Structure formats: C-alpha cells, structure tokens
Amino acid sequence: MGLVSRGTATAGLGTATATAVVRSGPPNAIPNLISNPAPEGTALGSSRVPSMVLKAFFPTCCASADSGLLVGRWVPEQNSAVVLAVVHFPFIPIQVKELLAQVQQASRVGVTVLGTWCHRRQEPEESLGHFLEGLGAIFSHEPWLQLCRERGSKFWSCKATHRQVPTSPSAPGEDQVMLIFYDQRKVLLSQLHPPTALPDHQAGDATASTRGLAAVFDTVARSEALFRSDRFDEGLVRLSHWQSEGVEASILVELAKQASGPVCLLLAYLLSLISAASTCRVFKLWPLSFIWSKLSTCEQLRHRLEQLTFIFSTQKAENASQLMRKANMLVSVLLDVALGLTLLSWLHGKDRIGQLADALVPVADWVAEELQHLLQWLMGAPAGLKMNRALDQVLGRFFLYHIHLWISYIHLMSPFIERILWHMGLSACLGLTVALSILSDIIALLTFHIYCFYVYGARLYCLKICGLSSLWRLFRGKKWNVLRQRVDSCSYDLDQLFIGTLLFTVLVFLLPTTALYYLVFTLLRLLVVTVQGLIHLLVDLINSLPLYALGLRLCRPYRLSAGVKFQVLEHEAGRPLRLLMQINPLPYNRVVHTYRLPSCGCHPKHSWGSLCRKLFFGELIYPWRQRGDKQD
C-alpha cells in the first residue's frame, strides 16, 4: 500500500513500490533498529544493513516544510538523531542559538542543530546547495546531516558527513543513513510501556531496543517547550513542527485548570476535617471500633475518603503513572456517583421504596417459615436416616426458638423499615458502591439468624471432631504436647482407657446428628456468603477498574504504547532506506493489569483447599478478613 493513501499526517512522503512490507507484532518482535546496528546478514525486507548505520528520526509533519536547519537531539549511545523541528529562512544564527539554549534550559534536553534540510521546490538547486553547505561552519555538529527532497520526485537523499579528519585511512567520511519517519504528535502524547518477560535468548535484545525507543519517546516528550510557537507568533525564528500551523488549546480546559487550584484546596481542607473527625477517640471504643471494622459500608466509606483525598490533593503528580492513577480514580468516582444518582432517581420514582418496604416483611416471614419446615424435617427422619432422637429434638427446638425470636424482631421493626430504607436510599448519592455495600450489610442483618445457626452447628461439630481426634490419639498411646506443639508418646492406665472408650463411643454415635445440622446450616450460610461475595465482587470491580486508561486505549490507542512497528517506504540501491514508525497499542489485558486501582481489601480471599479444610474441621468462615489469617 502506498503511503499517500494513509492520510494527511503522512501525505507527500511517497513510497518506492505499491507492495510495502509491514513488520508488526508484539514488543518482543520489534526489529532491533534503535539500539544497536543490525549485523551483516540481518534482513529487513530483503536488505543488508551495514555495520555503521545512522538512524535519523524525521517527523512526518516536516516533510512538506520549506528548506532550513534540522533541530533536534543527537543520541550517541544509539547512533541516532531525533529531528524535532525545522528552522526556516531567514534567520540570524545567534537568535537560533539563543532559542535552542532556552529550550535546553526548560526541557533539560540537549537540543542542537543537527544539519540542513533542503526541499527543492522553487529555489535554484546549486545556489541553495552551496548556501546550506556553508551553514555547517556556523553550526558545528558531528556528524552533519544533509536531508534533501528532490524537486518533483518521490525520492529522498540523505547523508551524514564528518568534518573532522578520520583517525584511520580506512575510516569512511560519510555514514550510511536510515531515515525513519514518525508522527510527532502521537509520539509526544504516547507513553511507552516496558515489554513483558521474555525468554532468555530474547531478553537482552528487547531490553536494548526498549532503551533506544525510550530515548526517542523521551526526547520528543521533554521538548514540548519547542512546540509552543506557531506561525501566528511574532518571533524572530520561524519553525515547522506538529503545532506550527496553530497551537492546540481549549478555553474550557484552560478555565478548568485555573479553577481546579482553589477548588482542590477547599475540598482538601474539608476532607482533612472529615478524616480528623473519623480518627476521634470515640470511634476507637470497643463496640464502635468493631462495627467500623466489620461493616462493608464503613469500609467502603473509608475507601471513598482515601480516593477523594488522593484526587483533590494539592500536590502535583510526580510522574505519568501517578497522573494516570489520579485520572483513573477520578473517572471511577464520577461513574460510581453517576450510577448511584441513577439508582436514587429510580428508587424515589413511583414510590418504589414503599413497595420494597411492603415486600420486605413478607419475604422475611417466608424465609422463616421455610426454615421452620426444614427444622421439622430434620427433627423427623431426614432422607430415611435414623438420628439420635434426644439430641435431634434438643437441637430442633433450640433453633425453632431462635426463629420465633427473629420473627418477633422483624414484626417489631416493620413500622420503621420504610423510613430506614428511605434514608439508606439517600446514601446512593455517594456512589453505587456505597449503596451495594449497604445492601450487603442489610442482607447480613436479615440473615443473622442463619449465621447464628451456622455458628452453633459449627461449634458443636468442631467440638466433637476435636474430641474424637484426641480420643483416637489416646487409643494409640499418644497425646498432644501443648508446649512443644507436637504429638508425643504417653502411657495410660486401664481406667483412662475405659473412660476414653465410653466417650469415644458416645461421640461417634452423636456425630451424624450434629454433622447433618452442621451440613444443612453450612449450605445455607454458603448461599448467603455467595450472594454477598457477588456484591463485593461488583464493588471491587467498580473501585479497581481503570476506566480512563481503557477509554484511552479504545479512543486513542497511541496514547498507551507497547512498542513500535516499522513499514518500509523506500528501499532501492543507492538510496537511503526509509521506514515509517508506527505505534503498537498496549493490549487491553496489560492495560488492566498495569493501571488497576487498589480496592478495599477487607474481604477474605480463600483458596479452594483452605475453604474445604475449614469446612471439614468445622472452622468458622467469617465474611470479613481476620487479623491472623494467612491469605492463599
């Protein structure tokens, strides 16, 4: 495909053939054109690159510019020249040097005159050529680039000369030049990301290539001070770069920048007051501190306070990653609040809160009735199993009494449920995540009797499992050494063995009844935990998803770069190899992995092995993270 058909950004460059070769792929497949010269025998298309090759990066926006001086940065480690702008005639050399000194002081980049640019359109070729050659004596640079675009032709000529005397007679006076075109605006706005882990035989090449690309991207990004002038400025030096036709600006953006300072200062002060109030000693007392650390709503409010404190911080972002994190967090909070306001408008429309309050008590009664039927089934002969009748009746009546207490509590609170739901619905203005956290806490409160049943059954089952394991060690002449935390040998007399046998027999025959109650209430508890886990998963997804970075990847993929690919524009004998550098966007999975935001982290994350072990031994599964838990 010819380059003319690729759009206005690269129009006028021309191609050698209509079948240009495209080398694309992931960052680890980028040809090593930047860091080190390719050895003899390395092919790009079908070319053989010499051992001493100078890489000249030329912006596509300057392809149609008038003749002048090439301004940019020389990277000696990579044997590369990054052209940033073209200085046009007429100019005074001292003014050009002053401009470059100002840019170098502002950007900390060694910007200098790299050579000359000749666009032969209307000027006489011989007089212009002699004049440009004379500029090398005023602006001395080694090597001195001479780029020329032929008049009325698609071919380019490019050479790099050395004015100093070569140290050896066999050293060439000119270097072979590889001309690489790049989109200056995209490279300026792009952020290069390091490649992923590679095999050992490719890691060194990829690292060197990444360093070379980083030098090009860093040069363009830090030279932004050079791009602030356009043709409407009354400066003494006229430049051509990506903003030379007009500087990109927005009145709304500038007004937002001016207003963001005082607004952030005011909000940061208010948030500091709220944070100071939340650390008061009253909230550190035992009941309040326990509730504050266990409720999902309190954890989400604490996380939201940390988000807002980071967003409205008056400190300037230190690097691009921190700026991207702040932007992701801001977009996440705005989307969360927008979804919360949508939920709030839906709840307050058509009296849906009253309908929910009217339906809540019948649902609670239906759940209690189903539990009563389940307990009555367990108190009989469940699935034809013969249970210990005395223990079965005691446990069944115990749980039925708790259900009776719970039904009385629900009916006692029924006149206030609508007002409670109305006030909780107002919390949706803080975000959908806050409303979902409140919903999770409401589910926990409405199923508190199921949690109590699970705790009772788990404790009885765990007590019997521990007793059986201890008595089994007694039969084998073993005991558990508490001080050394190990099993030691021990000799028992006949009475101890007799009593241990009786207790072991009693526990073995009572274990099926206890295990059945434990199994049923554990399944009910796991059902509630699953519903709460789905809600917490949705909350963590909203809190941690980097929406701004994903939006950039979708709308402007060049902003997040994983590397580059090169398209061959011209490759003929006696002509410099011309390539077009294009940006490889970062994959979506790497965008999420790189810019994922931290979540609350208050919920336990057990592996399947740890969960099954706790269920088998009757250990409690808490809906929150314990202080001494080891997460798998």
# chains A, B, ... in the order shown; residues from 1 in each chain; ligands from 1
call {"tool": "residues_around", "arguments": {"residues": "segment 407-415 of chain A", "least_positions_apart": "2", "cutoff": "10 Å", "atoms": "only C-alpha atoms", "output": "list of chain:residue names"}}
result
A:Ala357, A:Asp358, A:Leu360, A:Val361, A:Pro362, A:Ala364, A:Asp365, A:Val367, A:Ala368, A:Glu369, A:His402, A:Ile403, A:His404, A:Leu405, A:Ile417, A:Glu418, A:Arg419, A:Ile420, A:Leu446, A:His449
call {"tool": "select_by_dssp", "arguments": {"residues": "segment 366-592 of chain A", "states": "helix (DSSP H, G or I)", "output": "ChimeraX atom specification"}}
result
/A:366-379,382-384,389-430,432-446,448-475,494-544,547-555,557-559,588-592
call {"tool": "closest_residue", "arguments": {"among": "A:Pro576, A:Gly340, A:Pro382, A:Gly477", "to": "Val434 of chain A", "atoms": "only C-alpha atoms"}}
result
A:Gly340
call {"tool": "residues_around", "arguments": {"residues": "Gly551 of chain A", "least_positions_apart": "4", "cutoff": "12 Å", "atoms": "only C-alpha atoms", "output": "MDAnalysis selection string"}}
result
chainID A and resid 324 327:328 331:332 545:547 555:560 588 591:592
call {"tool": "atom_distance", "arguments": {"atom1": "atom CA of Leu252 of chain A", "atom2": "atom CA of Thr309 of chain A"}}
result
24.6 Å
call {"tool": "residues_around", "arguments": {"residues": "Asp488 of chain A", "least_positions_apart": "5", "cutoff": "8 Å", "atoms": "only C-alpha atoms", "output": "list of chain:residue names"}}
result
A:Lys478, A:Lys479, A:Trp480, A:Asn481
call {"tool": "write_last_selection", "arguments": {"atoms": "N, CA, C and O atoms", "output": "compact mmCIF listing (two decimals), in the first residue's frame"}}
result
# COMPACT_ATOMS: atom_id res chain seq x y z
N LYS A 478 -0.87 -41.97 72.43
CA LYS A 478 -0.29 -40.68 72.08
C LYS A 478 -1.05 -39.57 72.79
O LYS A 478 -2.16 -39.77 73.30
N LYS A 479 -0.44 -38.41 72.84
CA LYS A 479 -1.10 -37.23 73.37
C LYS A 479 -0.50 -36.00 72.70
O LYS A 479 0.62 -36.02 72.17
N TRP A 480 -1.25 -34.91 72.73
CA TRP A 480 -0.79 -33.66 72.13
C TRP A 480 -0.03 -32.84 73.16
O TRP A 480 -0.54 -32.52 74.23
N ASN A 481 1.23 -32.51 72.85
CA ASN A 481 2.07 -31.71 73.73
C ASN A 481 1.83 -30.24 73.39
O ASN A 481 2.21 -29.74 72.32
call {"tool": "residues_around", "arguments": {"residues": "Asp336 of chain A", "least_positions_apart": "2", "cutoff": "7 Å", "atoms": "only C-alpha atoms", "output": "mmCIF file with N, CA, C and O atoms, in the first residue's frame"}}
result
data_model
loop_
_atom_site.group_PDB
_atom_site.id
_atom_site.type_symbol
_atom_site.label_atom_id
_atom_site.label_comp_id
_atom_site.auth_asym_id
_atom_site.auth_seq_id
_atom_site.Cartn_x
_atom_site.Cartn_y
_atom_site.Cartn_z
ATOM 1 N N SER A 332 -13.414 6.798 37.836
ATOM 2 C CA SER A 332 -14.114 5.742 38.573
ATOM 3 C C SER A 332 -15.101 6.323 39.574
ATOM 4 O O SER A 332 -16.244 5.857 39.688
ATOM 5 N N VAL A 333 -14.682 7.370 40.292
ATOM 6 C CA VAL A 333 -15.577 8.005 41.269
ATOM 7 C C VAL A 333 -16.749 8.681 40.568
ATOM 8 O O VAL A 333 -17.905 8.592 41.016
ATOM 9 N N LEU A 334 -16.482 9.378 39.448
ATOM 10 C CA LEU A 334 -17.565 10.051 38.725
ATOM 11 C C LEU A 334 -18.575 9.050 38.187
ATOM 12 O O LEU A 334 -19.790 9.274 38.278
ATOM 13 N N ALA A 338 -22.447 8.744 39.316
ATOM 14 C CA ALA A 338 -23.495 8.814 38.300
ATOM 15 C C ALA A 338 -24.428 7.604 38.388
ATOM 16 O O ALA A 338 -25.661 7.745 38.315
ATOM 17 N N LEU A 339 -23.859 6.413 38.557
ATOM 18 C CA LEU A 339 -24.702 5.221 38.714
ATOM 19 C C LEU A 339 -25.511 5.286 40.008
ATOM 20 O O LEU A 339 -26.674 4.856 40.040
ATOM 21 N N GLY A 340 -24.908 5.843 41.073
ATOM 22 C CA GLY A 340 -25.651 5.984 42.328
ATOM 23 C C GLY A 340 -26.812 6.949 42.201
ATOM 24 O O GLY A 340 -27.907 6.689 42.733
ATOM 25 N N GLY A 431 -22.473 7.174 45.707
ATOM 26 C CA GLY A 431 -21.979 6.227 44.727
ATOM 27 C C GLY A 431 -22.724 4.910 44.793
ATOM 28 O O GLY A 431 -23.310 4.541 45.832
ATOM 29 N N LEU A 432 -22.693 4.200 43.680
ATOM 30 C CA LEU A 432 -23.345 2.897 43.635
ATOM 31 C C LEU A 432 -22.655 1.901 44.552
ATOM 32 O O LEU A 432 -23.314 1.011 45.126
ATOM 33 N N THR A 433 -21.341 2.017 44.720
ATOM 34 C CA THR A 433 -20.619 1.084 45.595
ATOM 35 C C THR A 433 -21.060 1.219 47.045
ATOM 36 O O THR A 433 -21.135 0.221 47.766
#
call {"tool": "closest_residue", "arguments": {"among": "A:Gly457, A:Pro512, A:Gly467, A:Pro262", "to": "Phe398 of chain A", "atoms": "only C-alpha atoms"}}
result
A:Gly457
call {"tool": "closest_residue", "arguments": {"among": "A:Lys464, A:Arg238, A:Lys565, A:His536", "to": "Thr505 of chain A", "atoms": "only C-alpha atoms"}}
result
A:Lys464
call {"tool": "atom_distance", "arguments": {"atom1": "atom CA of Thr501 of chain A", "atom2": "atom CA of Leu620 of chain A"}}
result
28.9 Å
call {"tool": "atom_distance", "arguments": {"atom1": "atom CA of Gly261 of chain A", "atom2": "atom CA of Thr314 of chain A"}}
result
7.4 Å
